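File shown here: protein-v6.tsv, holding TSV, C-alpha atoms.
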chain	number	residue	atom	x	y	z
J	856	MET	CA	-15.21	16.14	6.88
J	857	ASN	CA	-14.17	14.74	10.28
J	858	LYS	CA	-13.81	10.98	10.64
J	859	PHE	CA	-13.39	9.01	13.86
J	860	ILE	CA	-11.52	5.70	14.03
J	861	PHE	CA	-11.68	3.53	17.15
J	862	ASP	CA	-9.83	0.48	18.33
J	863	VAL	CA	-12.17	-1.77	20.33
J	864	ASP	CA	-10.44	-3.72	23.14
J	865	GLY	CA	-9.22	-1.33	25.83
J	866	THR	CA	-10.68	1.64	23.93
J	867	LEU	CA	-14.44	1.08	23.65
J	868	THR	CA	-14.65	-2.01	25.86
J	869	PRO	CA	-12.62	-3.74	28.56
J	870	SER	CA	-10.18	-6.15	26.91
J	871	ARG	CA	-12.27	-9.02	25.47
J	872	GLY	CA	-15.22	-7.60	27.43
J	873	VAL	CA	-18.64	-6.18	26.58
J	874	ILE	CA	-19.26	-2.45	26.18
J	875	ASP	CA	-20.60	-0.66	29.25
J	876	LYS	CA	-24.39	-0.22	29.01
J	877	ASP	CA	-24.47	3.51	29.72
J	878	PHE	CA	-21.47	4.22	27.50
J	879	LYS	CA	-23.12	2.23	24.73
J	880	GLU	CA	-26.17	4.49	24.73
J	881	TRP	CA	-23.91	7.56	24.70
J	882	PHE	CA	-21.76	6.13	21.91
J	883	LEU	CA	-24.77	5.22	19.76
J	884	GLU	CA	-25.83	8.85	19.82
J	885	PHE	CA	-22.27	9.87	18.91
J	886	CYS	CA	-22.38	7.47	15.93
J	887	ASP	CA	-25.64	9.04	14.76
J	888	ASN	CA	-23.95	12.44	14.52
J	889	ASN	CA	-20.47	11.53	13.27
J	890	LEU	CA	-18.67	9.31	10.75
J	891	VAL	CA	-17.40	6.41	12.86
J	892	TYR	CA	-15.06	3.55	11.88
J	893	LEU	CA	-13.73	0.62	13.89
J	894	VAL	CA	-10.34	-1.10	13.47
J	895	THR	CA	-9.56	-4.13	15.61
J	896	GLY	CA	-7.37	-7.21	15.57
J	897	SER	CA	-10.40	-9.35	16.45
J	898	ASP	CA	-12.72	-11.11	14.04
J	899	ARG	CA	-16.33	-10.11	13.34
J	900	PRO	CA	-18.12	-12.56	15.71
J	901	LYS	CA	-16.02	-11.33	18.65
J	902	THR	CA	-16.63	-7.67	17.83
J	903	LEU	CA	-20.38	-8.26	17.52
J	904	GLU	CA	-20.31	-10.02	20.89
J	905	GLN	CA	-18.55	-7.05	22.46
J	906	LEU	CA	-20.49	-4.17	20.88
J	907	GLY	CA	-23.78	-5.61	19.63
J	908	ASP	CA	-25.41	-5.32	16.21
J	909	ASP	CA	-26.68	-1.81	16.90
J	910	VAL	CA	-23.24	-0.23	17.44
J	911	TYR	CA	-21.65	-2.35	14.70
J	912	ASN	CA	-24.20	-1.30	12.09
J	913	ARG	CA	-24.06	2.40	13.00
J	914	CYS	CA	-20.41	2.46	11.90
J	915	SER	CA	-19.55	3.48	8.34
J	916	ARG	CA	-17.07	0.60	8.04
J	917	VAL	CA	-15.52	-1.99	10.35
J	918	TYR	CA	-11.94	-3.14	9.76
J	919	GLN	CA	-11.60	-6.58	11.32
J	920	CYS	CA	-8.33	-8.46	11.78
J	921	SER	CA	-6.30	-5.23	11.53
J	922	GLY	CA	-7.96	-4.34	8.23
J	923	ASN	CA	-7.45	-7.73	6.57
J	924	GLU	CA	-11.20	-8.23	6.54
J	925	VAL	CA	-13.58	-5.31	5.97
J	926	TRP	CA	-17.31	-5.11	6.65
J	927	ILE	CA	-19.98	-2.56	5.81
J	928	GLN	CA	-22.88	-3.57	8.03
J	929	ASP	CA	-23.65	-7.18	7.00
J	930	ASP	CA	-21.58	-7.15	3.81
J	931	CYS	CA	-17.98	-8.39	3.71
J	932	VAL	CA	-16.22	-6.25	1.10
J	933	LYS	CA	-12.69	-7.60	1.58
J	934	THR	CA	-11.01	-10.65	3.10
J	935	SER	CA	-7.50	-12.13	3.11
J	936	THR	CA	-6.49	-15.77	2.59
J	937	TRP	CA	-2.94	-15.40	4.01
J	938	THR	CA	-1.66	-18.15	6.29
J	939	LEU	CA	1.30	-18.17	8.70
J	940	PRO	CA	4.45	-19.78	7.18
J	941	GLU	CA	5.53	-23.03	8.80
J	942	ASP	CA	8.95	-21.77	9.92
J	943	ALA	CA	7.35	-18.83	11.73
J	944	HIS	CA	4.84	-21.18	13.36
J	945	GLU	CA	7.62	-23.46	14.55
J	946	TRP	CA	9.60	-20.54	16.01
J	947	LEU	CA	6.56	-19.31	17.94
J	948	ALA	CA	5.84	-22.83	19.17
J	949	GLN	CA	9.36	-22.90	20.58
J	950	GLN	CA	8.67	-19.65	22.45
J	951	LEU	CA	5.63	-21.33	23.96
J	952	ILE	CA	7.81	-24.18	25.20
J	953	SER	CA	10.62	-22.00	26.53
J	954	SER	CA	8.50	-19.31	28.23
J	955	THR	CA	9.00	-19.16	32.00
J	956	TYR	CA	5.32	-18.42	32.54
J	957	HIS	CA	3.79	-21.39	34.37
J	958	GLU	CA	0.24	-21.73	33.01
J	959	ARG	CA	-1.14	-22.83	29.62
J	960	THR	CA	-4.88	-22.77	28.84
J	961	GLY	CA	-4.96	-23.80	25.16
J	962	LEU	CA	-5.69	-22.05	21.85
J	963	HIS	CA	-2.25	-20.47	21.67
J	964	PHE	CA	-2.58	-19.83	17.92
J	965	GLU	CA	-5.80	-18.23	16.71
J	966	HIS	CA	-5.97	-17.98	12.91
J	967	ARG	CA	-7.99	-15.07	11.58
J	968	PRO	CA	-8.32	-13.61	8.07
J	969	GLY	CA	-4.94	-12.12	7.24
J	970	LEU	CA	-3.33	-12.55	10.66
J	971	VAL	CA	-2.55	-14.93	13.51
J	972	ASN	CA	-2.91	-14.07	17.19
J	973	PHE	CA	-0.31	-15.84	19.35
J	974	SER	CA	-0.65	-16.10	23.12
J	975	ILE	CA	1.59	-17.74	25.72
J	976	VAL	CA	-1.18	-18.18	28.29
J	977	GLY	CA	-3.71	-19.05	25.58
J	978	ARG	CA	-6.99	-17.61	24.34
J	979	ASN	CA	-8.92	-20.02	26.57
J	980	ALA	CA	-7.77	-18.19	29.71
J	981	ASN	CA	-10.53	-16.96	32.00
J	982	LYS	CA	-10.59	-13.49	33.54
J	983	GLU	CA	-8.41	-14.44	36.52
J	984	GLN	CA	-5.89	-16.32	34.36
J	985	ARG	CA	-5.66	-13.37	31.98
J	986	ALA	CA	-5.07	-10.97	34.88
J	987	ALA	CA	-2.29	-13.21	36.22
J	988	TYR	CA	-0.56	-13.24	32.84
J	989	VAL	CA	-0.94	-9.46	32.48
J	990	ALA	CA	0.86	-9.01	35.80
J	991	HIS	CA	3.66	-11.30	34.58
J	992	ASP	CA	3.91	-9.51	31.23
J	993	VAL	CA	4.05	-6.04	32.80
J	994	LEU	CA	7.10	-7.08	34.82
J	995	SER	CA	8.87	-9.24	32.23
J	996	GLU	CA	7.77	-7.50	28.99
J	997	GLU	CA	7.67	-10.99	27.54
J	998	ARG	CA	5.44	-10.10	24.60
J	999	VAL	CA	7.58	-7.11	23.62
J	1000	PHE	CA	10.73	-9.26	23.61
J	1001	ILE	CA	9.06	-12.04	21.60
J	1002	ALA	CA	7.71	-9.54	19.05
J	1003	ASP	CA	11.10	-7.80	18.72
J	1004	ASP	CA	12.96	-11.10	18.21
J	1005	PHE	CA	10.34	-12.30	15.73
J	1006	ASN	CA	10.63	-9.13	13.66
J	1007	LYS	CA	14.41	-9.47	13.48
J	1008	LEU	CA	14.16	-13.05	12.22
J	1009	PHE	CA	11.22	-12.77	9.81
J	1010	SER	CA	11.68	-9.61	7.76
J	1011	SER	CA	8.62	-10.16	5.57
J	1012	LEU	CA	6.32	-10.48	8.57
J	1013	GLN	CA	5.42	-8.15	11.41
J	1014	ALA	CA	4.56	-8.95	15.04
J	1015	THR	CA	2.85	-6.35	17.21
J	1016	VAL	CA	1.58	-6.49	20.78
J	1017	GLY	CA	-2.21	-6.40	20.93
J	1018	GLY	CA	-4.77	-6.60	23.71
J	1019	GLU	CA	-3.75	-7.94	27.11
J	1020	THR	CA	-2.21	-11.33	26.33
J	1021	GLY	CA	-1.58	-11.69	22.60
J	1022	ILE	CA	0.75	-10.85	19.76
J	1023	ASP	CA	-0.71	-10.14	16.30
J	1024	ILE	CA	1.30	-11.43	13.33
J	1025	ALA	CA	0.67	-10.53	9.70
J	1026	PRO	CA	2.62	-9.82	6.50
J	1027	ARG	CA	4.63	-6.61	6.90
J	1028	GLY	CA	2.51	-3.63	5.93
J	1029	PHE	CA	-0.76	-5.48	6.46
J	1030	ASP	CA	-1.29	-4.10	9.94
J	1031	LYS	CA	-3.83	-1.45	10.95
J	1032	SER	CA	-1.99	1.22	8.94
J	1033	GLN	CA	-3.25	-0.36	5.70
J	1034	ILE	CA	-6.66	1.27	6.16
J	1035	ILE	CA	-5.33	4.83	5.81
J	1036	ASN	CA	-5.97	4.99	2.05
J	1037	ASP	CA	-9.70	5.03	2.81
J	1038	PHE	CA	-9.26	8.31	4.71
J	1039	LYS	CA	-7.34	10.49	2.27
J	1040	ASP	CA	-10.41	12.70	1.73
J	1041	ALA	CA	-10.90	13.47	5.42
J	1042	ASP	CA	-10.44	17.02	6.67
J	1043	ASN	CA	-9.47	15.63	10.05
J	1044	ILE	CA	-9.05	12.12	11.45
J	1045	PHE	CA	-9.40	11.37	15.14
J	1046	PHE	CA	-7.99	7.98	16.13
J	1047	PHE	CA	-8.45	6.41	19.57
J	1048	GLY	CA	-6.43	3.39	20.68
J	1049	ASP	CA	-4.83	1.88	23.77
J	1050	ARG	CA	-1.64	0.49	22.17
J	1051	MET	CA	0.07	3.39	20.41
J	1052	ASP	CA	3.41	2.51	22.01
J	1053	THR	CA	6.12	1.39	19.57
J	1054	ALA	CA	5.40	-2.32	20.13
J	1055	GLY	CA	1.62	-1.90	20.05
J	1056	ASN	CA	-0.75	-2.75	17.24
J	1057	ASP	CA	-2.13	0.84	17.06
J	1058	TYR	CA	1.31	2.40	16.53
J	1059	THR	CA	1.64	2.21	12.75
J	1060	LEU	CA	-1.86	3.57	12.10
J	1061	ALA	CA	-1.26	6.39	14.58
J	1062	ASN	CA	1.83	7.41	12.57
J	1063	GLU	CA	-0.23	7.57	9.38
J	1064	VAL	CA	-3.06	9.51	11.01
J	1065	ARG	CA	-0.63	12.14	12.30
J	1066	LYS	CA	0.45	12.84	8.71
J	1067	ILE	CA	-3.10	14.02	8.00
J	1068	THR	CA	-4.08	15.38	11.42
J	1069	PRO	CA	-0.97	16.01	13.57
J	1070	SER	CA	-2.97	16.19	16.81
J	1071	GLY	CA	-5.52	13.55	15.85
J	1072	CYS	CA	-4.30	10.56	17.91
J	1073	TYR	CA	-5.53	9.86	21.43
J	1074	HIS	CA	-3.73	7.18	23.42
J	1075	VAL	CA	-6.31	6.06	25.98
J	1076	ARG	CA	-6.22	3.50	28.78
J	1077	ASN	CA	-9.91	2.54	28.87
J	1078	TRP	CA	-13.37	3.40	27.56
J	1079	GLN	CA	-13.85	6.02	30.28
J	1080	GLU	CA	-10.94	8.05	28.90
J	1081	THR	CA	-12.38	7.62	25.40
J	1082	GLN	CA	-15.75	8.98	26.49
J	1083	TYR	CA	-14.21	11.89	28.38
J	1084	THR	CA	-11.99	12.88	25.47
J	1085	LEU	CA	-14.82	12.59	22.94
J	1086	GLY	CA	-16.97	14.79	25.14
J	1087	TYR	CA	-14.25	17.43	25.24
J	1088	LEU	CA	-13.69	17.25	21.47
J	1089	ASN	CA	-17.40	17.45	20.81
J	1090	GLU	CA	-17.72	20.58	22.92
J	1091	HIS	CA	-14.54	22.45	22.02
J	1092	ILE	CA	-13.39	21.28	18.57
J	1093	ILE	CA	-16.05	19.45	16.56
J	1094	ASN	CA	-18.68	22.11	17.18
J	1095	GLY	CA	-16.11	24.91	17.06
J	1096	THR	CA	-16.83	26.37	20.50

Could the structure of this file be written out as structure tokens, please?
Amino acid sequence: MNKFIFDVDGTLTPSRGVIDKDFKEWFLEFCDNNLVYLVTGSDRPKTLEQLGDDVYNRCSRVYQCSGNEVWIQDDCVKTSTWTLPEDAHEWLAQQLISSTYHERTGLHFEHRPGLVNFSIVGRNANKEQRAAYVAHDVLSEERVFIADDFNKLFSSLQATVGGETGIDIAPRGFDKSQIINDFKDADNIFFFGDRMDTAGNDYTLANEVRKITPSGCYHVRNWQETQYTLGYLNEHIINGT
């Protein structure tokens, strides 16, 4: 039994954006013929906004907030009540103060079930402000350095780089890799994500997937690469041609 797991931002949609109309129709047909699962750092309202009810409800299960909240269509079957410890919050707040990046847009801490998303530029940034921060982060690797320093200081927690501007923080082990126990019966797992680098929030799940399907991870840069790769798999592997 083949199972397909997809990150959302940067994999099925532009980061924080809405799924392409033509790709959506193609992907809906793919969902009708395959077992599809989503795993994202975002919460349910944001994922519904990006994909729509039709895609969301065609999936066998949706792992929100890196698997700390789980939905089967309209039913929430799991949620976490974890909150960020005060000392970790204070350390991150200091990083916000000391960052050399010039702009702040607000909502720098977004609390979700089981995790916190931290952003220097802020979740209120518009498209242009996000693009400006991305350019800064590519050159400075600010998020990677913050996540590495955080992980050295707070051994019971884990910070990973997610999306374009944020850092996801959760108790160690409660990242995307926690969902793997739901896939032990799969013949093959195919996992698509855009942050499988060592600092990325797809990395730990990719490591677990490879234990079951060594060639099952696809590090993509956008939804176009996802569609192209799925088309190839569908023609040459899934259907055995």

Under the rule that only C-alpha atoms are counted, which of J:Arg1076, J:Tyr892, J:Leu939, J:Ser1032 is the nearest residue to Ser1011 of chain J?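 Looking at the shortest contact to Ser1011 of chain J, the residue is J:Leu939.
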
J:Thr1084, J:Asn1036, J:Asn979, J:Asn1056: which is nearest Cys920 of chain J, counting only C-alpha atoms? J:Asn1056

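For the residues J:Arg899, J:His957, J:His944, J:Arg916, ranking by smallest atom-to-atom distance to Leu1012 of chain J using only C-alpha atoms places J:His944 first.
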
Between J:Val873, J:Cys886, J:Val989, J:Val971, which one has atoms that come closest to Ser935 of chain J, using all atoms listed in the file?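 Comparing J:Val873, J:Cys886, J:Val989, J:Val971 against Ser935 of chain J, the winner is J:Val971.
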
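Coordinates place atom CA of Ser921 of chain J at a distance of 4.6 Å from atom CA of Lys1031 of chain J.
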